[in-house]
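Chemist: The structure's right below; bear with me while I get my questions together.
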Amino acid sequence: MSTRILPAVGDPDAARSITTLLSQLPDAEPAGPLGDSTSLLDTLAGLAAESLDELPEVVLVHERIGPVPALELIREVALRFPAVGVVLVTADASPGLYSAAMDSGARGLVGLPLSYEELAQRVQAAAGWSVGVRRHLGQGAEVFTGPGGTVVTVSGAKGGVGTTVVAVQLALAANASGHSVALVDLDLQSGDVASYLDVQFRRSIVDLSTIQDISPRVLQDALFEHDTGMALLLAPGDGERGEEVSDRVVRQTVSALRHRFEVVVVDCGTHMNSANAAAIEMADRTLLVTTPDVVTVRAAKRMVRLWNRLQIRKAEETVTVVNRHTRNTEIQPPLIEKITATKVARIAVPANFKELHGAVDAGRMQDLEAKSMVKQALWSLAGDLGLVRSTEAAEKQGRFKGDRGAVGGRWGRGR
């Protein structure tokens with residue numbers, strides 16, 4: 001039986017060396033090296049979506065991979081694709097790094113410079129472990145092997161474009177259709193999710209900042225269970241404490257939430273930092289909210305270019321949501337799509353703040369009337385994004401929570 005090997009190597013010289021040695025291993029099928037962490041995770045997710053059998057038995061992660069650090073990448077692969085054996089390739093073969101790699105989920109460590117014997121031994125051991133896991137899965141054990149729940153980030157081109165309103169309504173729509181939903185506020189200095197949902201809270205994402213391994217119990221203690229049934233992970237009440245939330249914390253948190261909830265909506269606000277950049281990089285779908293005016297569309301274009309330079313998200317992978325849209329404005333969605341080089345959502349959110357005024361002032365966005373045109377647009381957008389079940393599927397599970405009239409598309413047109 002041949003062993004499929006997928007190397008992730010950021011350094012070109014190391015990539016050539018590893019590829020040469022892998023091609024000499026007996027019964028090995030090495031794939032072409034991937035140059036960054038995003039490509040690796042996207043490739044594995046695509047293969048897992050087809051079948052467990054499509055995944056490679058072994059993934060090699062070079063110490064200089066980026067933008068996600070090697071150990072964090074290993075942890076992510078081990079969490080999302082536990083049937084894959086991961087081997088770290090590094091010049092530091094110290095006991096401390098070996099222990100850290102094992103704690104992250106690696107199945108072995110290969111020192112640099114590479115030797116044929118050591119590489120063959122580590123690859124064979126990782127492949128044997130992977131085959132054993134898959135044999136166990138083939139006997140009917142229900143072990144998670146896919147990318148998990150859907151993670152959607154919502155970012156604003158600039159302040160005041162309605163980012164939090166969009167995030168909250170998307171989460172409410174997914175929750176009403178029967179999905180288990182977590183809503184995360186990563187606008188760390190000025191998050192308003194709690195204010196929009198009438199929540200008084202003590203715990204926030206800052207409480208996870210000192211935790212090295214976020215277990216289900218630890219995560220549960222940090223979540224707030226809202227009356228709607230959604231789980232909330234809120235921004236700190238004291239904005240300066242947002243600096244305590246690192247990209248490592250966000251990656252571990254998003255991974256843990258992805259494994260527990262079917263839909264995870266993350267409000268990233270408008271200010272970019274390492275924390276919300278990590279969430280955007282990990283997301284299955286990335287939304288950028290803009291309004292149809294020159295200044296904001298220019299800000300959206302700057303944001304898209306920033307994400308591209310930082311290798312967080314490509315323009316073609318970003319969905320731009322046009323908020324406060326009117327038919328008589330000169331800047332229409334097709335023009336925004338051309339300027340930003342992104343995909344613009346088919347559904348634009350109409351400009352009708354009067355509908356929102358009462359719910360916003362009361363801090364109860366969950367009570368927004370079903371006949372609201374803004375709500376109908378956002379819940380239909382949730383349907384287009386695949387965040388809601390059909391009415392029939394939700395009712396079959398006994399989890400449909402009503403408000404059917406507010407959703408078009410796959411949900412039907414009302415009672």
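Starting from 1 in every chain, residues are counted up; chains themselves are A, B, ... following the order of the structure tokens, and ligands are numbered from 1 as listed.
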Which residues, written as a PyMOL selection string, have at least one atom at most 9 Å from region 206-209 of chain A, with only C-alpha atoms counted and residues fewer than 2 positions away on the same chain left out?

Modeler: chain A and resi 203-204+211-212+214+218-219+222+234-236+241-246+248-250+253

Chemist: For the selection you just gave me, I'd like the residues written to a file as a short mmCIF file (atom, residue, chain, number, x, y, z; two decimals), in the first residue's frame, keeping C-alpha atoms.

Modeler:
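Printed below is selection-v9.cif as written:
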```cif
data_model
loop_
_atom_site.label_atom_id
_atom_site.label_comp_id
_atom_site.auth_asym_id
_atom_site.auth_seq_id
_atom_site.Cartn_x
_atom_site.Cartn_y
_atom_site.Cartn_z
CA ARG A 203 -16.96 36.60 31.39
CA SER A 204 -15.49 37.36 27.98
CA ILE A 211 -5.44 29.10 28.87
CA GLN A 212 -2.93 26.94 26.99
CA ILE A 214 -9.04 25.29 25.61
CA VAL A 218 -13.17 25.83 29.85
CA LEU A 219 -14.97 27.04 26.72
CA ALA A 222 -16.56 31.51 29.00
CA LEU A 234 -18.28 38.49 24.16
CA ALA A 235 -15.67 41.21 23.91
CA PRO A 236 -14.26 42.53 27.19
CA ARG A 241 -7.99 44.31 27.91
CA GLY A 242 -8.52 43.39 24.29
CA GLU A 243 -4.74 43.51 23.88
CA GLU A 244 -4.55 40.35 25.99
CA VAL A 245 -6.27 38.33 23.25
CA SER A 246 -3.60 36.98 20.90
CA ARG A 248 -3.06 31.97 19.32
CA VAL A 249 -6.06 32.39 21.61
CA VAL A 250 -8.33 33.15 18.67
CA THR A 253 -11.03 29.35 20.36
#
```

Chemist: Identify, on the basis of only C-alpha atoms, every residue whose closest approach to region 315-322 of chain A does not exceed 7 Å; exclude the query and any residue fewer than 6 positions from it along the same chain; express the result as a list in words.

Modeler: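 Using only C-alpha atoms, the neighbours found are Thr286, Leu287, Leu288, Val289, Thr290, Thr291, Pro292, Val304, Asn308, Pro333, Ala341, Thr342, Lys343, Val344, Ala345, Ala348 and Val349 of chain A.
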
Chemist: Enumerate the residues of region 150-276 of chain A with a DSSP assignment of strand (DSSP E or B), computed from the backbone, and present them as a ChimeraX atom specification.

Modeler: /A:150-156,181-185,224-225,231-233,263-269

Chemist: If you keep N, CA and C atoms, can you produce a file of those selected residues as a compact mmCIF listing (two decimals), in the first residue's frame?

Modeler:
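Saved to result_12.txt:
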```
# COMPACT_ATOMS: atom_id res chain seq x y z
N THR A 150 -19.52 25.64 10.20
CA THR A 150 -19.20 26.74 9.30
C THR A 150 -18.83 27.98 10.10
N VAL A 151 -17.67 28.56 9.80
CA VAL A 151 -17.22 29.79 10.45
C VAL A 151 -17.37 30.94 9.47
N VAL A 152 -18.10 31.97 9.87
CA VAL A 152 -18.33 33.15 9.05
C VAL A 152 -17.85 34.38 9.80
N THR A 153 -16.94 35.14 9.21
CA THR A 153 -16.51 36.40 9.82
C THR A 153 -17.21 37.56 9.12
N VAL A 154 -17.53 38.59 9.90
CA VAL A 154 -18.17 39.79 9.38
C VAL A 154 -17.31 40.98 9.78
N SER A 155 -16.76 41.67 8.80
CA SER A 155 -15.90 42.83 9.06
C SER A 155 -16.50 44.06 8.39
N GLY A 156 -16.18 45.22 8.92
CA GLY A 156 -16.66 46.47 8.35
C GLY A 156 -15.57 47.20 7.60
N VAL A 181 -25.63 27.56 17.29
CA VAL A 181 -24.94 28.78 16.83
C VAL A 181 -24.14 29.40 17.96
N ALA A 182 -22.93 29.83 17.61
CA ALA A 182 -22.13 30.66 18.51
C ALA A 182 -21.87 31.99 17.82
N LEU A 183 -22.05 33.08 18.56
CA LEU A 183 -21.78 34.42 18.06
C LEU A 183 -20.62 34.99 18.86
N VAL A 184 -19.53 35.33 18.18
CA VAL A 184 -18.31 35.79 18.84
C VAL A 184 -18.09 37.26 18.53
N ASP A 185 -17.79 38.04 19.56
CA ASP A 185 -17.50 39.47 19.38
C ASP A 185 -15.99 39.68 19.46
N PHE A 224 -21.74 32.71 27.13
CA PHE A 224 -22.99 33.19 27.72
C PHE A 224 -24.14 32.59 26.93
N GLU A 225 -25.03 31.91 27.61
CA GLU A 225 -26.18 31.31 26.94
C GLU A 225 -27.31 32.33 26.86
N ALA A 231 -25.16 30.75 21.77
CA ALA A 231 -24.05 30.93 22.72
C ALA A 231 -23.27 32.16 22.30
N LEU A 232 -22.95 33.01 23.27
CA LEU A 232 -22.23 34.25 22.99
C LEU A 232 -20.86 34.21 23.64
N LEU A 233 -19.85 34.58 22.89
CA LEU A 233 -18.51 34.80 23.43
C LEU A 233 -18.22 36.27 23.19
N VAL A 263 -22.78 26.48 13.34
CA VAL A 263 -22.50 27.79 12.72
C VAL A 263 -21.82 28.67 13.76
N VAL A 264 -20.71 29.28 13.37
CA VAL A 264 -19.99 30.22 14.22
C VAL A 264 -19.88 31.54 13.46
N VAL A 265 -20.51 32.59 13.99
CA VAL A 265 -20.47 33.92 13.37
C VAL A 265 -19.56 34.80 14.21
N VAL A 266 -18.58 35.44 13.57
CA VAL A 266 -17.60 36.24 14.28
C VAL A 266 -17.69 37.69 13.81
N ASP A 267 -18.00 38.59 14.73
CA ASP A 267 -18.01 40.02 14.45
C ASP A 267 -16.59 40.54 14.65
N CYS A 268 -15.90 40.87 13.55
CA CYS A 268 -14.50 41.30 13.62
C CYS A 268 -14.34 42.82 13.69
N GLY A 269 -15.45 43.55 13.67
CA GLY A 269 -15.35 45.00 13.76
C GLY A 269 -14.68 45.59 12.53
```

Chemist: For the alpha helix (DSSP H) assignment from backbone DSSP, which residues of region 165-333 of chain A qualify? Please present them as a PDB file with N, CA and C atoms, in the first residue's frame.

Modeler:
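Saved the output as out_37.pdb:
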```
ATOM      1  N   VAL A 165     -24.848  44.714  13.310  1.00  0.00           N
ATOM      2  CA  VAL A 165     -26.230  44.388  12.949  1.00  0.00           C
ATOM      3  C   VAL A 165     -26.254  43.196  11.989  1.00  0.00           C
ATOM      4  N   VAL A 166     -25.364  43.198  11.005  1.00  0.00           N
ATOM      5  CA  VAL A 166     -25.297  42.089  10.049  1.00  0.00           C
ATOM      6  C   VAL A 166     -24.923  40.792  10.758  1.00  0.00           C
ATOM      7  N   ALA A 167     -23.894  40.847  11.611  1.00  0.00           N
ATOM      8  CA  ALA A 167     -23.448  39.633  12.305  1.00  0.00           C
ATOM      9  C   ALA A 167     -24.549  39.074  13.195  1.00  0.00           C
ATOM     10  N   VAL A 168     -25.209  39.939  13.956  1.00  0.00           N
ATOM     11  CA  VAL A 168     -26.244  39.483  14.886  1.00  0.00           C
ATOM     12  C   VAL A 168     -27.412  38.860  14.134  1.00  0.00           C
ATOM     13  N   GLN A 169     -27.857  39.494  13.055  1.00  0.00           N
ATOM     14  CA  GLN A 169     -29.009  38.966  12.327  1.00  0.00           C
ATOM     15  C   GLN A 169     -28.682  37.669  11.593  1.00  0.00           C
ATOM     16  N   LEU A 170     -27.463  37.527  11.091  1.00  0.00           N
ATOM     17  CA  LEU A 170     -27.077  36.252  10.472  1.00  0.00           C
ATOM     18  C   LEU A 170     -27.098  35.127  11.501  1.00  0.00           C
ATOM     19  N   ALA A 171     -26.582  35.427  12.695  1.00  0.00           N
ATOM     20  CA  ALA A 171     -26.581  34.415  13.756  1.00  0.00           C
ATOM     21  C   ALA A 171     -28.001  34.065  14.184  1.00  0.00           C
ATOM     22  N   LEU A 172     -28.864  35.065  14.316  1.00  0.00           N
ATOM     23  CA  LEU A 172     -30.257  34.818  14.698  1.00  0.00           C
ATOM     24  C   LEU A 172     -30.980  33.981  13.641  1.00  0.00           C
ATOM     25  N   ALA A 173     -30.700  34.248  12.374  1.00  0.00           N
ATOM     26  CA  ALA A 173     -31.330  33.479  11.299  1.00  0.00           C
ATOM     27  C   ALA A 173     -30.901  32.016  11.354  1.00  0.00           C
ATOM     28  N   ALA A 174     -29.600  31.783  11.524  1.00  0.00           N
ATOM     29  CA  ALA A 174     -29.110  30.401  11.609  1.00  0.00           C
ATOM     30  C   ALA A 174     -29.687  29.696  12.821  1.00  0.00           C
ATOM     31  N   ASN A 175     -29.783  30.403  13.935  1.00  0.00           N
ATOM     32  CA  ASN A 175     -30.330  29.824  15.162  1.00  0.00           C
ATOM     33  C   ASN A 175     -31.807  29.493  15.005  1.00  0.00           C
ATOM     34  N   ALA A 176     -32.560  30.390  14.373  1.00  0.00           N
ATOM     35  CA  ALA A 176     -33.996  30.164  14.202  1.00  0.00           C
ATOM     36  C   ALA A 176     -34.291  28.979  13.302  1.00  0.00           C
ATOM     37  N   VAL A 193     -21.995  43.603  20.655  1.00  0.00           N
ATOM     38  CA  VAL A 193     -22.933  42.473  20.574  1.00  0.00           C
ATOM     39  C   VAL A 193     -23.769  42.376  21.842  1.00  0.00           C
ATOM     40  N   ALA A 194     -23.133  42.528  22.996  1.00  0.00           N
ATOM     41  CA  ALA A 194     -23.870  42.445  24.267  1.00  0.00           C
ATOM     42  C   ALA A 194     -24.935  43.533  24.353  1.00  0.00           C
ATOM     43  N   SER A 195     -24.613  44.729  23.894  1.00  0.00           N
ATOM     44  CA  SER A 195     -25.573  45.842  23.936  1.00  0.00           C
ATOM     45  C   SER A 195     -26.745  45.595  23.005  1.00  0.00           C
ATOM     46  N   TYR A 196     -26.498  44.970  21.858  1.00  0.00           N
ATOM     47  CA  TYR A 196     -27.559  44.745  20.883  1.00  0.00           C
ATOM     48  C   TYR A 196     -28.484  43.602  21.293  1.00  0.00           C
ATOM     49  N   PRO A 216     -13.433  21.693  26.289  1.00  0.00           N
ATOM     50  CA  PRO A 216     -14.869  21.993  26.247  1.00  0.00           C
ATOM     51  C   PRO A 216     -15.385  22.617  27.543  1.00  0.00           C
ATOM     52  N   ARG A 217     -14.894  22.158  28.682  1.00  0.00           N
ATOM     53  CA  ARG A 217     -15.344  22.710  29.959  1.00  0.00           C
ATOM     54  C   ARG A 217     -14.915  24.172  30.117  1.00  0.00           C
ATOM     55  N   VAL A 218     -13.664  24.457  29.766  1.00  0.00           N
ATOM     56  CA  VAL A 218     -13.169  25.827  29.850  1.00  0.00           C
ATOM     57  C   VAL A 218     -13.958  26.741  28.903  1.00  0.00           C
ATOM     58  N   LEU A 219     -14.214  26.249  27.692  1.00  0.00           N
ATOM     59  CA  LEU A 219     -14.971  27.035  26.722  1.00  0.00           C
ATOM     60  C   LEU A 219     -16.378  27.302  27.231  1.00  0.00           C
ATOM     61  N   GLN A 220     -17.012  26.307  27.793  1.00  0.00           N
ATOM     62  CA  GLN A 220     -18.374  26.454  28.307  1.00  0.00           C
ATOM     63  C   GLN A 220     -18.441  27.538  29.380  1.00  0.00           C
ATOM     64  N   ASP A 221     -17.434  27.591  30.235  1.00  0.00           N
ATOM     65  CA  ASP A 221     -17.422  28.589  31.301  1.00  0.00           C
ATOM     66  C   ASP A 221     -17.328  30.009  30.763  1.00  0.00           C
ATOM     67  N   ALA A 222     -16.732  30.176  29.573  1.00  0.00           N
ATOM     68  CA  ALA A 222     -16.564  31.515  29.004  1.00  0.00           C
ATOM     69  C   ALA A 222     -17.763  31.953  28.171  1.00  0.00           C
ATOM     70  N   ASP A 247      -3.442  36.092  18.665  1.00  0.00           N
ATOM     71  CA  ASP A 247      -3.887  35.255  17.551  1.00  0.00           C
ATOM     72  C   ASP A 247      -3.926  33.786  17.950  1.00  0.00           C
ATOM     73  N   ARG A 248      -3.029  33.360  18.846  1.00  0.00           N
ATOM     74  CA  ARG A 248      -3.057  31.974  19.322  1.00  0.00           C
ATOM     75  C   ARG A 248      -4.362  31.663  20.025  1.00  0.00           C
ATOM     76  N   VAL A 249      -4.800  32.582  20.885  1.00  0.00           N
ATOM     77  CA  VAL A 249      -6.062  32.391  21.612  1.00  0.00           C
ATOM     78  C   VAL A 249      -7.224  32.285  20.629  1.00  0.00           C
ATOM     79  N   VAL A 250      -7.224  33.146  19.630  1.00  0.00           N
ATOM     80  CA  VAL A 250      -8.325  33.151  18.668  1.00  0.00           C
ATOM     81  C   VAL A 250      -8.339  31.858  17.864  1.00  0.00           C
ATOM     82  N   ARG A 251      -7.163  31.403  17.423  1.00  0.00           N
ATOM     83  CA  ARG A 251      -7.130  30.164  16.646  1.00  0.00           C
ATOM     84  C   ARG A 251      -7.646  28.983  17.456  1.00  0.00           C
ATOM     85  N   GLN A 252      -7.213  28.875  18.697  1.00  0.00           N
ATOM     86  CA  GLN A 252      -7.679  27.775  19.533  1.00  0.00           C
ATOM     87  C   GLN A 252      -9.174  27.900  19.817  1.00  0.00           C
ATOM     88  N   THR A 253      -9.624  29.127  20.049  1.00  0.00           N
ATOM     89  CA  THR A 253     -11.034  29.348  20.363  1.00  0.00           C
ATOM     90  C   THR A 253     -11.922  29.026  19.179  1.00  0.00           C
ATOM     91  N   VAL A 254     -11.560  29.524  18.004  1.00  0.00           N
ATOM     92  CA  VAL A 254     -12.363  29.262  16.812  1.00  0.00           C
ATOM     93  C   VAL A 254     -12.386  27.771  16.496  1.00  0.00           C
ATOM     94  N   SER A 255     -11.250  27.099  16.655  1.00  0.00           N
ATOM     95  CA  SER A 255     -11.211  25.647  16.424  1.00  0.00           C
ATOM     96  C   SER A 255     -12.140  24.913  17.382  1.00  0.00           C
ATOM     97  N   ALA A 256     -12.104  25.312  18.659  1.00  0.00           N
ATOM     98  CA  ALA A 256     -12.965  24.667  19.655  1.00  0.00           C
ATOM     99  C   ALA A 256     -14.437  24.923  19.355  1.00  0.00           C
ATOM    100  N   LEU A 257     -14.773  26.149  18.972  1.00  0.00           N
ATOM    101  CA  LEU A 257     -16.169  26.482  18.647  1.00  0.00           C
ATOM    102  C   LEU A 257     -16.623  25.738  17.394  1.00  0.00           C
ATOM    103  N   ARG A 258     -15.742  25.621  16.422  1.00  0.00           N
ATOM    104  CA  ARG A 258     -16.081  24.937  15.174  1.00  0.00           C
ATOM    105  C   ARG A 258     -16.464  23.482  15.421  1.00  0.00           C
ATOM    106  N   HIS A 259     -15.826  22.879  16.414  1.00  0.00           N
ATOM    107  CA  HIS A 259     -16.109  21.477  16.713  1.00  0.00           C
ATOM    108  C   HIS A 259     -17.366  21.300  17.552  1.00  0.00           C
ATOM    109  N   ARG A 260     -17.849  22.378  18.145  1.00  0.00           N
ATOM    110  CA  ARG A 260     -19.012  22.253  19.027  1.00  0.00           C
ATOM    111  C   ARG A 260     -20.298  22.785  18.400  1.00  0.00           C
ATOM    112  N   SER A 274      -3.980  41.274  15.103  1.00  0.00           N
ATOM    113  CA  SER A 274      -3.590  39.876  14.894  1.00  0.00           C
ATOM    114  C   SER A 274      -4.706  38.913  15.293  1.00  0.00           C
ATOM    115  N   ALA A 275      -5.538  39.319  16.259  1.00  0.00           N
ATOM    116  CA  ALA A 275      -6.598  38.435  16.742  1.00  0.00           C
ATOM    117  C   ALA A 275      -7.676  38.218  15.677  1.00  0.00           C
ATOM    118  N   ASN A 276      -8.276  39.321  15.181  1.00  0.00           N
ATOM    119  CA  ASN A 276      -9.338  39.103  14.197  1.00  0.00           C
ATOM    120  C   ASN A 276      -8.773  38.701  12.837  1.00  0.00           C
ATOM    121  N   ALA A 277      -7.492  39.019  12.572  1.00  0.00           N
ATOM    122  CA  ALA A 277      -6.863  38.526  11.343  1.00  0.00           C
ATOM    123  C   ALA A 277      -6.806  37.004  11.351  1.00  0.00           C
ATOM    124  N   ALA A 278      -6.520  36.417  12.509  1.00  0.00           N
ATOM    125  CA  ALA A 278      -6.483  34.959  12.618  1.00  0.00           C
ATOM    126  C   ALA A 278      -7.857  34.362  12.339  1.00  0.00           C
ATOM    127  N   ALA A 279      -8.917  35.014  12.839  1.00  0.00           N
ATOM    128  CA  ALA A 279     -10.272  34.514  12.599  1.00  0.00           C
ATOM    129  C   ALA A 279     -10.628  34.581  11.118  1.00  0.00           C
ATOM    130  N   ILE A 280     -10.269  35.695  10.465  1.00  0.00           N
ATOM    131  CA  ILE A 280     -10.566  35.848   9.039  1.00  0.00           C
ATOM    132  C   ILE A 280      -9.837  34.791   8.231  1.00  0.00           C
ATOM    133  N   GLU A 281      -8.609  34.507   8.599  1.00  0.00           N
ATOM    134  CA  GLU A 281      -7.830  33.500   7.890  1.00  0.00           C
ATOM    135  C   GLU A 281      -8.448  32.112   8.025  1.00  0.00           C
ATOM    136  N   MET A 282      -9.025  31.807   9.195  1.00  0.00           N
ATOM    137  CA  MET A 282      -9.587  30.487   9.443  1.00  0.00           C
ATOM    138  C   MET A 282     -11.007  30.319   8.912  1.00  0.00           C
ATOM    139  N   VAL A 294     -18.710  56.808  -1.774  1.00  0.00           N
ATOM    140  CA  VAL A 294     -17.329  56.810  -2.267  1.00  0.00           C
ATOM    141  C   VAL A 294     -16.319  56.518  -1.164  1.00  0.00           C
ATOM    142  N   VAL A 295     -16.456  57.195  -0.028  1.00  0.00           N
ATOM    143  CA  VAL A 295     -15.479  57.058   1.045  1.00  0.00           C
ATOM    144  C   VAL A 295     -15.436  55.620   1.565  1.00  0.00           C
ATOM    145  N   THR A 296     -16.600  55.032   1.789  1.00  0.00           N
ATOM    146  CA  THR A 296     -16.646  53.686   2.357  1.00  0.00           C
ATOM    147  C   THR A 296     -16.197  52.630   1.360  1.00  0.00           C
ATOM    148  N   VAL A 297     -16.545  52.801   0.100  1.00  0.00           N
ATOM    149  CA  VAL A 297     -16.103  51.832  -0.906  1.00  0.00           C
ATOM    150  C   VAL A 297     -14.586  51.887  -1.058  1.00  0.00           C
ATOM    151  N   ARG A 298     -14.014  53.085  -0.957  1.00  0.00           N
ATOM    152  CA  ARG A 298     -12.551  53.183  -0.977  1.00  0.00           C
ATOM    153  C   ARG A 298     -11.951  52.466   0.232  1.00  0.00           C
ATOM    154  N   ALA A 299     -12.590  52.602   1.393  1.00  0.00           N
ATOM    155  CA  ALA A 299     -12.117  51.900   2.589  1.00  0.00           C
ATOM    156  C   ALA A 299     -12.210  50.394   2.403  1.00  0.00           C
ATOM    157  N   ALA A 300     -13.273  49.930   1.756  1.00  0.00           N
ATOM    158  CA  ALA A 300     -13.421  48.497   1.484  1.00  0.00           C
ATOM    159  C   ALA A 300     -12.299  48.002   0.586  1.00  0.00           C
ATOM    160  N   LYS A 301     -11.962  48.793  -0.417  1.00  0.00           N
ATOM    161  CA  LYS A 301     -10.878  48.420  -1.320  1.00  0.00           C
ATOM    162  C   LYS A 301      -9.550  48.336  -0.567  1.00  0.00           C
ATOM    163  N   ARG A 302      -9.310  49.300   0.341  1.00  0.00           N
ATOM    164  CA  ARG A 302      -8.088  49.267   1.144  1.00  0.00           C
ATOM    165  C   ARG A 302      -8.035  48.025   2.026  1.00  0.00           C
ATOM    166  N   MET A 303      -9.178  47.672   2.610  1.00  0.00           N
ATOM    167  CA  MET A 303      -9.227  46.500   3.480  1.00  0.00           C
ATOM    168  C   MET A 303      -8.914  45.225   2.698  1.00  0.00           C
ATOM    169  N   VAL A 304      -9.501  45.091   1.524  1.00  0.00           N
ATOM    170  CA  VAL A 304      -9.261  43.911   0.692  1.00  0.00           C
ATOM    171  C   VAL A 304      -7.784  43.804   0.331  1.00  0.00           C
ATOM    172  N   ARG A 305      -7.179  44.928  -0.016  1.00  0.00           N
ATOM    173  CA  ARG A 305      -5.756  44.922  -0.366  1.00  0.00           C
ATOM    174  C   ARG A 305      -4.897  44.576   0.854  1.00  0.00           C
ATOM    175  N   LEU A 306      -5.300  45.065   2.023  1.00  0.00           N
ATOM    176  CA  LEU A 306      -4.573  44.755   3.249  1.00  0.00           C
ATOM    177  C   LEU A 306      -4.610  43.255   3.518  1.00  0.00           C
ATOM    178  N   TRP A 307      -5.780  42.649   3.413  1.00  0.00           N
ATOM    179  CA  TRP A 307      -5.910  41.213   3.631  1.00  0.00           C
ATOM    180  C   TRP A 307      -5.035  40.435   2.650  1.00  0.00           C
ATOM    181  N   ASN A 308      -4.992  40.906   1.414  1.00  0.00           N
ATOM    182  CA  ASN A 308      -4.194  40.212   0.401  1.00  0.00           C
ATOM    183  C   ASN A 308      -2.704  40.327   0.710  1.00  0.00           C
ATOM    184  N   ARG A 309      -2.250  41.510   1.124  1.00  0.00           N
ATOM    185  CA  ARG A 309      -0.832  41.683   1.440  1.00  0.00           C
ATOM    186  C   ARG A 309      -0.405  40.838   2.627  1.00  0.00           C
ATOM    187  N   PRO A 333     -24.205  47.923  -6.589  1.00  0.00           N
ATOM    188  CA  PRO A 333     -23.397  46.728  -6.316  1.00  0.00           C
ATOM    189  C   PRO A 333     -22.451  46.299  -7.440  1.00  0.00           C
TER     190      PRO A 333
END
```

Chemist: Suppose you want the space between CA of His357 (chain A) and CA of Leu387 (chain A); what is it in Å?

Modeler: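 Rounded to one decimal, the two atoms are 25.8 Å apart.
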
Chemist: Can you tell me which residues surround Arg346 (chain A) at a distance of at most 12 Å, considering only C-alpha atoms, apart from same-chain residues fewer than 5 positions away, and format the answer as a PyMOL selection string?

Modeler: chain A and resi 319-323+332-334+337+377-378+380-385+409
